[in-house]
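Chemist: Sharing final.cif (mmCIF, C-alpha atoms) below.
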data_run
#
loop_
_atom_site.label_atom_id
_atom_site.label_comp_id
_atom_site.auth_asym_id
_atom_site.auth_seq_id
_atom_site.Cartn_x
_atom_site.Cartn_y
_atom_site.Cartn_z
CA MET G 1 55.16 38.37 -44.45
CA ALA G 2 53.28 35.88 -42.31
CA LEU G 3 55.52 32.99 -41.35
CA PRO G 4 54.28 29.95 -39.46
CA HIS G 5 55.03 30.30 -35.77
CA ALA G 6 57.80 28.14 -34.39
CA ALA G 7 57.01 25.06 -32.32
CA PRO G 8 58.69 24.38 -28.96
CA ALA G 9 62.39 23.46 -29.29
CA GLN G 10 62.38 24.47 -32.98
CA PRO G 11 65.33 26.75 -33.84
CA VAL G 12 64.41 30.16 -35.20
CA ASP G 13 66.98 32.28 -37.03
CA VAL G 14 67.40 35.65 -35.33
CA ALA G 15 70.79 36.57 -36.79
CA PRO G 16 71.19 40.11 -38.16
CA LEU G 17 69.31 40.65 -41.42
CA GLY G 18 72.00 42.84 -42.96
CA ALA G 19 71.17 43.90 -46.51
CA ALA G 20 67.76 42.21 -46.27
CA LEU G 21 66.66 44.48 -43.42
CA THR G 22 64.95 47.17 -45.46
CA SER G 23 62.88 44.58 -47.33
CA THR G 24 61.86 42.62 -44.21
CA GLN G 25 58.74 43.25 -42.16
CA SER G 26 58.40 42.88 -38.40
CA SER G 27 57.05 39.43 -37.55
CA ALA G 28 55.87 37.28 -34.67
CA LEU G 29 58.20 34.34 -34.04
CA PHE G 30 56.00 32.40 -31.63
CA LYS G 31 53.34 32.82 -28.98
CA SER G 32 52.56 30.58 -26.05
CA PRO G 33 50.17 31.16 -23.13
CA GLY G 34 52.78 33.08 -21.14
CA LEU G 35 55.20 34.44 -23.69
CA GLU G 36 55.32 36.11 -27.09
CA VAL G 37 58.47 36.82 -29.09
CA MET G 38 58.60 39.01 -32.17
CA ARG G 39 61.29 40.50 -34.35
CA LEU G 40 60.86 44.23 -34.73
CA VAL G 41 62.38 45.70 -37.92
CA LEU G 42 62.94 49.46 -37.78
CA PRO G 43 64.74 51.08 -40.70
CA ALA G 44 66.38 54.40 -39.80
CA GLY G 45 63.75 56.98 -38.87
CA LYS G 46 60.88 54.53 -38.52
CA VAL G 47 58.93 54.79 -35.26
CA PHE G 48 57.02 52.10 -33.43
CA PRO G 49 54.55 54.44 -31.75
CA PRO G 50 53.83 54.69 -28.01
CA HIS G 51 52.04 51.68 -26.55
CA LYS G 52 52.07 49.50 -23.46
CA VAL G 53 51.49 45.88 -22.54
CA ASP G 54 50.47 44.38 -19.20
CA GLY G 55 53.54 42.21 -18.70
CA GLU G 56 57.25 42.82 -18.66
CA ILE G 57 59.13 43.05 -21.93
CA THR G 58 62.72 42.74 -23.03
CA LEU G 59 64.11 44.58 -26.03
CA HIS G 60 67.30 43.10 -27.49
CA CYS G 61 68.93 45.08 -30.30
CA LEU G 62 70.23 42.58 -32.88
CA GLU G 63 71.70 45.08 -35.34
CA GLY G 64 71.89 48.82 -35.86
CA GLU G 65 70.87 51.28 -33.19
CA LEU G 66 67.50 51.99 -31.56
CA GLU G 67 66.13 54.66 -29.30
CA LEU G 68 63.72 53.56 -26.61
CA SER G 69 61.44 56.28 -25.23
CA VAL G 70 59.80 55.52 -21.90
CA LEU G 71 56.88 57.74 -20.90
CA THR G 72 56.17 57.93 -17.19
CA ASP G 73 53.78 60.49 -15.70
CA GLY G 74 54.25 62.75 -18.69
CA ALA G 75 58.05 62.65 -18.52
CA GLU G 76 60.06 61.02 -21.32
CA GLN G 77 63.23 59.06 -20.72
CA ARG G 78 65.27 58.20 -23.81
CA GLN G 79 67.78 55.42 -24.02
CA ARG G 80 69.88 54.26 -26.97
CA LEU G 81 70.42 50.54 -27.55
CA ARG G 82 73.14 49.34 -29.91
CA ALA G 83 73.52 45.88 -31.42
CA GLY G 84 74.31 43.42 -28.63
CA GLN G 85 72.51 45.41 -25.92
CA LEU G 86 69.32 44.44 -24.16
CA CYS G 87 67.04 46.09 -21.63
CA TYR G 88 63.76 45.30 -19.93
CA LEU G 89 60.71 47.28 -18.95
CA GLU G 90 58.20 46.56 -16.24
CA GLY G 91 54.62 45.87 -17.23
CA GLY G 92 52.25 48.72 -18.01
CA VAL G 93 54.97 51.18 -19.02
CA THR G 94 54.20 53.27 -22.10
CA HIS G 95 57.09 53.21 -24.54
CA ALA G 96 58.01 53.85 -28.16
CA VAL G 97 60.95 52.65 -30.24
CA THR G 98 62.69 54.50 -33.10
CA GLY G 99 65.29 53.21 -35.54
CA ILE G 100 68.35 55.48 -35.31
CA SER G 101 70.13 53.47 -37.98
CA ASP G 102 68.64 50.49 -39.84
CA ALA G 103 67.91 48.22 -36.88
CA SER G 104 66.18 45.06 -35.80
CA ALA G 105 65.41 43.81 -32.31
CA LEU G 106 63.92 40.87 -30.49
CA VAL G 107 60.94 41.83 -28.38
CA THR G 108 59.94 39.33 -25.68
CA ILE G 109 56.60 39.98 -23.98
CA VAL G 110 55.26 38.28 -20.85
CA LEU G 111 51.57 37.51 -21.36
CA GLY G 112 48.68 36.62 -19.15
CA ARG G 113 49.23 39.10 -16.36
CA MET R 1 81.10 36.98 -10.56
CA ALA R 2 78.09 38.68 -8.98
CA LEU R 3 77.14 41.80 -10.90
CA PRO R 4 74.43 44.21 -9.78
CA HIS R 5 71.18 43.46 -11.57
CA ALA R 6 70.11 45.89 -14.26
CA ALA R 7 67.31 48.38 -13.61
CA PRO R 8 64.41 48.86 -16.05
CA ALA R 9 65.49 50.55 -19.32
CA GLN R 10 69.16 50.17 -18.42
CA PRO R 11 71.18 48.70 -21.32
CA VAL R 12 72.95 45.43 -20.60
CA ASP R 13 75.75 44.19 -22.82
CA VAL R 14 74.95 40.75 -24.24
CA ALA R 15 77.38 40.79 -27.16
CA PRO R 16 79.49 37.66 -27.71
CA LEU R 17 82.22 37.26 -25.09
CA GLY R 18 84.80 35.95 -27.54
CA ALA R 19 88.17 35.30 -25.91
CA ALA R 20 86.74 36.19 -22.48
CA LEU R 21 84.24 33.33 -22.61
CA THR R 22 86.29 30.71 -20.83
CA SER R 23 87.02 33.07 -17.94
CA THR R 24 83.40 34.27 -17.57
CA GLN R 25 80.80 32.70 -15.30
CA SER R 26 77.09 32.39 -15.98
CA SER R 27 75.26 35.32 -14.41
CA ALA R 28 71.78 36.70 -13.78
CA LEU R 29 71.17 39.95 -15.70
CA PHE R 30 67.92 40.97 -14.00
CA LYS R 31 64.85 39.60 -12.30
CA SER R 32 61.42 41.14 -12.04
CA PRO R 33 58.16 39.65 -10.70
CA GLY R 34 57.34 38.03 -14.05
CA LEU R 35 60.64 37.60 -15.82
CA GLU R 36 64.22 36.54 -15.22
CA VAL R 37 67.05 36.81 -17.75
CA MET R 38 70.45 35.20 -17.35
CA ARG R 39 73.50 34.66 -19.50
CA LEU R 40 74.52 31.02 -19.54
CA VAL R 41 78.21 30.41 -20.31
CA LEU R 42 79.00 26.87 -21.47
CA PRO R 43 82.54 26.15 -22.61
CA ALA R 44 82.79 23.13 -24.93
CA GLY R 45 81.77 19.95 -23.11
CA LYS R 46 80.22 21.66 -20.11
CA VAL R 47 76.70 20.51 -19.23
CA PHE R 48 73.93 22.45 -17.53
CA PRO R 49 72.22 19.41 -16.02
CA PRO R 50 68.55 18.44 -16.45
CA HIS R 51 66.09 20.75 -14.69
CA LYS R 52 62.73 22.38 -15.25
CA VAL R 53 60.97 25.62 -14.41
CA ASP R 54 57.26 26.35 -14.16
CA GLY R 55 57.09 28.99 -16.89
CA GLU R 56 58.12 29.15 -20.50
CA ILE R 57 61.74 29.81 -21.37
CA THR R 58 63.61 31.03 -24.41
CA LEU R 59 67.17 30.00 -25.16
CA HIS R 60 69.04 32.32 -27.54
CA CYS R 61 72.52 31.19 -28.59
CA LEU R 62 74.77 34.26 -28.69
CA GLU R 63 77.99 32.53 -29.77
CA GLY R 64 79.31 29.04 -30.39
CA GLU R 65 77.02 26.04 -30.56
CA LEU R 66 74.79 24.40 -27.94
CA GLU R 67 72.85 21.19 -27.70
CA LEU R 68 69.47 21.34 -26.03
CA SER R 69 68.15 18.03 -24.67
CA VAL R 70 64.44 17.91 -23.94
CA LEU R 71 63.22 15.01 -21.81
CA THR R 72 59.57 14.08 -22.22
CA ASP R 73 58.10 10.88 -20.79
CA GLY R 74 61.52 9.26 -20.73
CA ALA R 75 62.27 10.14 -24.37
CA GLU R 76 65.08 12.55 -25.21
CA GLN R 77 64.90 15.00 -28.10
CA ARG R 78 68.16 16.74 -29.00
CA GLN R 79 68.42 19.98 -30.90
CA ARG R 80 71.51 21.98 -31.87
CA LEU R 81 71.42 25.78 -31.63
CA ARG R 82 74.08 27.87 -33.34
CA ALA R 83 74.90 31.54 -32.74
CA GLY R 84 71.95 33.62 -33.90
CA GLN R 85 69.34 30.93 -33.27
CA LEU R 86 66.67 30.93 -30.59
CA CYS R 87 64.04 28.47 -29.42
CA TYR R 88 61.46 28.28 -26.68
CA LEU R 89 60.18 25.59 -24.36
CA GLU R 90 56.83 25.35 -22.66
CA GLY R 91 56.74 25.44 -18.87
CA GLY R 92 57.44 22.30 -16.86
CA VAL R 93 59.60 20.66 -19.53
CA THR R 94 62.75 18.96 -18.25
CA HIS R 95 65.77 19.99 -20.28
CA ALA R 96 69.56 20.13 -20.22
CA VAL R 97 72.02 22.21 -22.23
CA THR R 98 75.54 21.23 -23.35
CA GLY R 99 78.26 23.37 -24.93
CA ILE R 100 79.25 21.80 -28.23
CA SER R 101 81.81 24.52 -28.83
CA ASP R 102 82.59 27.38 -26.43
CA ALA R 103 79.14 28.95 -26.24
CA SER R 104 77.03 31.49 -24.41
CA ALA R 105 73.28 31.99 -24.48
CA LEU R 106 70.58 34.24 -23.14
CA VAL R 107 68.03 32.38 -21.06
CA THR R 108 64.72 34.17 -20.48
CA ILE R 109 62.41 32.59 -17.91
CA VAL R 110 58.76 33.47 -17.27
CA LEU R 111 58.16 33.53 -13.50
CA GLY R 112 55.17 33.43 -11.25
CA ARG R 113 53.13 30.72 -12.91
#
Represent the structure contained in this file as structure tokens.
Modeler:
Amino acid sequence: MALPHAAPAQPVDVAPLGAALTSTQSSALFKSPGLEVMRLVLPAGKVFPPHKVDGEITLHCLEGELELSVLTDGAEQRQRLRAGQLCYLEGGVTHAVTGISDASALVTIVLGR
Amino acid sequence: MALPHAAPAQPVDVAPLGAALTSTQSSALFKSPGLEVMRLVLPAGKVFPPHKVDGEITLHCLEGELELSVLTDGAEQRQRLRAGQLCYLEGGVTHAVTGISDASALVTIVLGR
């Protein structure tokens, strides 16, 4: 579902999706020269496969539970994030995210590095 | 209250503070070369006075209600944010934030511009 991106100072609803989660797609909320924010929707068992971006990211679990896998020099570090928990990663770090239960998260990405 | 900053991939609790809000200070959660995240605690009536930063910011209301005032060329634009709403501002924009009810918010700041 392609929604128009938010303008500066425009409120965007990022409350838990609840029952609507399984029928909602991941979506970009806005993108500016230095920052991109998306909502990642991961029903239980769904995997956002390994990838990396140049800039730092934050991952903020809004509902459910996620597992973040960080791959560094061939070693994998796994970390669970429950609703109301946030973490960050430095730029250039390969990572994947899996829905442990039906989950959604805000992903904030620093651009232009 | 100065807490140690979080390391990469370390979960940080950003759930609503609830009854602890009025006894909790604003605090930095972590800072990396390109990104800083803090939790802003604004009991009802408290004002975070006008200021600006070079990079983009996001303001994510975690609980309560906030008013964001954006000052552009002498004109003031006010916007309410309730729990579960987020907005962003471009870099260099003077803004202030006021607690309408007892509120806390995540503030994410792009650094190094």
Chemist: What are the coordinates of chain R as a short mmCIF file (atom, residue, chain, number, x, y, z; two decimals) with C-alpha atoms, in the frame of the given file following a least-squares fit to chain G on all in-order C-alpha atoms?
Modeler:
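File written: result-v3.cif
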data_model
loop_
_atom_site.label_atom_id
_atom_site.label_comp_id
_atom_site.auth_asym_id
_atom_site.auth_seq_id
_atom_site.Cartn_x
_atom_site.Cartn_y
_atom_site.Cartn_z
CA MET R 1 55.22 38.43 -44.44
CA ALA R 2 53.32 35.93 -42.31
CA LEU R 3 55.54 33.01 -41.35
CA PRO R 4 54.30 29.95 -39.48
CA HIS R 5 55.03 30.29 -35.78
CA ALA R 6 57.80 28.14 -34.38
CA ALA R 7 57.00 25.06 -32.30
CA PRO R 8 58.68 24.38 -28.94
CA ALA R 9 62.39 23.47 -29.30
CA GLN R 10 62.38 24.46 -32.97
CA PRO R 11 65.33 26.74 -33.83
CA VAL R 12 64.42 30.16 -35.20
CA ASP R 13 66.96 32.28 -37.02
CA VAL R 14 67.40 35.66 -35.33
CA ALA R 15 70.78 36.57 -36.80
CA PRO R 16 71.18 40.12 -38.16
CA LEU R 17 69.30 40.66 -41.42
CA GLY R 18 72.00 42.83 -42.96
CA ALA R 19 71.16 43.90 -46.51
CA ALA R 20 67.74 42.21 -46.27
CA LEU R 21 66.65 44.48 -43.42
CA THR R 22 64.94 47.16 -45.46
CA SER R 23 62.88 44.58 -47.34
CA THR R 24 61.87 42.62 -44.21
CA GLN R 25 58.75 43.24 -42.15
CA SER R 26 58.40 42.89 -38.39
CA SER R 27 57.06 39.43 -37.56
CA ALA R 28 55.88 37.29 -34.67
CA LEU R 29 58.21 34.32 -34.05
CA PHE R 30 56.00 32.40 -31.62
CA LYS R 31 53.34 32.83 -28.98
CA SER R 32 52.55 30.60 -26.05
CA PRO R 33 50.16 31.16 -23.11
CA GLY R 34 52.79 33.07 -21.13
CA LEU R 35 55.21 34.44 -23.69
CA GLU R 36 55.32 36.11 -27.08
CA VAL R 37 58.47 36.83 -29.08
CA MET R 38 58.61 39.02 -32.16
CA ARG R 39 61.30 40.50 -34.35
CA LEU R 40 60.84 44.24 -34.74
CA VAL R 41 62.37 45.70 -37.92
CA LEU R 42 62.93 49.47 -37.78
CA PRO R 43 64.75 51.07 -40.70
CA ALA R 44 66.39 54.40 -39.80
CA GLY R 45 63.76 56.98 -38.86
CA LYS R 46 60.88 54.54 -38.51
CA VAL R 47 58.93 54.79 -35.25
CA PHE R 48 57.03 52.08 -33.42
CA PRO R 49 54.55 54.43 -31.75
CA PRO R 50 53.84 54.68 -28.01
CA HIS R 51 52.03 51.67 -26.54
CA LYS R 52 52.06 49.49 -23.46
CA VAL R 53 51.49 45.87 -22.53
CA ASP R 54 50.48 44.36 -19.21
CA GLY R 55 53.56 42.20 -18.68
CA GLU R 56 57.27 42.82 -18.66
CA ILE R 57 59.13 43.06 -21.94
CA THR R 58 62.72 42.74 -23.04
CA LEU R 59 64.11 44.58 -26.03
CA HIS R 60 67.31 43.10 -27.48
CA CYS R 61 68.94 45.07 -30.30
CA LEU R 62 70.23 42.58 -32.88
CA GLU R 63 71.70 45.08 -35.35
CA GLY R 64 71.90 48.82 -35.88
CA GLU R 65 70.87 51.28 -33.20
CA LEU R 66 67.50 51.99 -31.58
CA GLU R 67 66.12 54.66 -29.31
CA LEU R 68 63.73 53.56 -26.61
CA SER R 69 61.43 56.27 -25.23
CA VAL R 70 59.79 55.51 -21.91
CA LEU R 71 56.87 57.73 -20.91
CA THR R 72 56.16 57.94 -17.19
CA ASP R 73 53.78 60.51 -15.71
CA GLY R 74 54.24 62.77 -18.71
CA ALA R 75 58.05 62.64 -18.52
CA GLU R 76 60.05 61.02 -21.32
CA GLN R 77 63.24 59.07 -20.71
CA ARG R 78 65.27 58.20 -23.81
CA GLN R 79 67.79 55.42 -24.02
CA ARG R 80 69.90 54.27 -26.98
CA LEU R 81 70.43 50.54 -27.56
CA ARG R 82 73.14 49.34 -29.91
CA ALA R 83 73.53 45.87 -31.43
CA GLY R 84 74.32 43.43 -28.64
CA GLN R 85 72.52 45.39 -25.93
CA LEU R 86 69.32 44.43 -24.16
CA CYS R 87 67.05 46.08 -21.62
CA TYR R 88 63.77 45.31 -19.93
CA LEU R 89 60.70 47.28 -18.96
CA GLU R 90 58.21 46.56 -16.23
CA GLY R 91 54.62 45.86 -17.24
CA GLY R 92 52.24 48.73 -17.98
CA VAL R 93 54.97 51.17 -19.01
CA THR R 94 54.20 53.26 -22.09
CA HIS R 95 57.09 53.21 -24.53
CA ALA R 96 58.01 53.84 -28.16
CA VAL R 97 60.95 52.65 -30.24
CA THR R 98 62.69 54.50 -33.10
CA GLY R 99 65.30 53.24 -35.55
CA ILE R 100 68.35 55.47 -35.31
CA SER R 101 70.12 53.46 -37.99
CA ASP R 102 68.63 50.49 -39.85
CA ALA R 103 67.91 48.23 -36.88
CA SER R 104 66.17 45.06 -35.80
CA ALA R 105 65.41 43.81 -32.31
CA LEU R 106 63.93 40.87 -30.49
CA VAL R 107 60.94 41.82 -28.38
CA THR R 108 59.93 39.32 -25.69
CA ILE R 109 56.60 39.97 -23.99
CA VAL R 110 55.26 38.27 -20.85
CA LEU R 111 51.55 37.50 -21.37
CA GLY R 112 48.66 36.63 -19.16
CA ARG R 113 49.16 39.09 -16.34
#
Chemist: Should the cut-off be 6 Å, what would the residue list for chain G against chain R look like, counting all atoms listed in the file, as a list in words?
Modeler: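 Result: Pro8, Ala9, Gln10, Pro11, Val12, Asp13, Val14, Ala15, Gly84, Gln85, Leu86, Cys87, Tyr88 and Leu89 of chain G.
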Chemist: What's around Val97 in chain R at 9 Å? Count all atoms listed in the file, leave out sequence neighbours fewer than 6 positions away in its own chain, and write the answer as a JSON list (two decimals) with C-alpha atoms, in the frame of the given file.
Modeler:
[["chain", "number", "residue", "atom", "x", "y", "z"],
["R", 42, "LEU", "CA", 79.00, 26.87, -21.47],
["R", 46, "LYS", "CA", 80.22, 21.66, -20.11],
["R", 47, "VAL", "CA", 76.70, 20.51, -19.23],
["R", 48, "PHE", "CA", 73.93, 22.45, -17.53],
["R", 49, "PRO", "CA", 72.22, 19.41, -16.02],
["R", 50, "PRO", "CA", 68.55, 18.44, -16.45],
["R", 66, "LEU", "CA", 74.79, 24.40, -27.94],
["R", 67, "GLU", "CA", 72.85, 21.19, -27.70],
["R", 68, "LEU", "CA", 69.47, 21.34, -26.03],
["R", 69, "SER", "CA", 68.15, 18.03, -24.67],
["R", 70, "VAL", "CA", 64.44, 17.91, -23.94]]
Chemist: Show me the residues close to (54.2, 51.6, -19.0) - anything with an atom within 9 Å, counting only C-alpha atoms - and format the list as a PyMOL selection string.
Modeler: chain G and resi 51-54+70-72+89-95
Chemist: Output as lines of an AutoDock Vina configuration file the centre and edge lengths (Å, one decimal) of the box along x, y and z of the file that holds every listed atom of range 82-100 of chain R after adding 6 Å on each side.
Modeler:
center_x = 68.0
center_y = 26.3
center_z = -25.4
size_x = 34.5
size_y = 26.7
size_z = 29.0
Chemist: CA of Arg39 in chain G and CA of Leu106 in chain G, how far apart in Å?
Modeler: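 According to the coordinates, CA of Leu106 in chain G and CA of Arg39 in chain G are separated by 4.7 Å.
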Chemist: Take CA of Glu65 in chain G and CA of Ala105 in chain G and report the distance between them in Å, one decimal.
Modeler: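 Separating CA of Glu65 in chain G from CA of Ala105 in chain G is a distance of 9.3 Å.
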Chemist: If the PyMOL selection byres ((chain G and resi 44) around 6) were run on this exact file, what residues would it hold? Put them as a PyMOL selection string.
Modeler: chain G and resi 43+45-46+99-102
Chemist: How many Å lie between CA of Gly64 in chain R and CA of Gln25 in chain R, rounded to one decimal?
Modeler: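 Spanning CA of Gly64 in chain R to CA of Gln25 in chain R is a straight-line distance of 15.6 Å.
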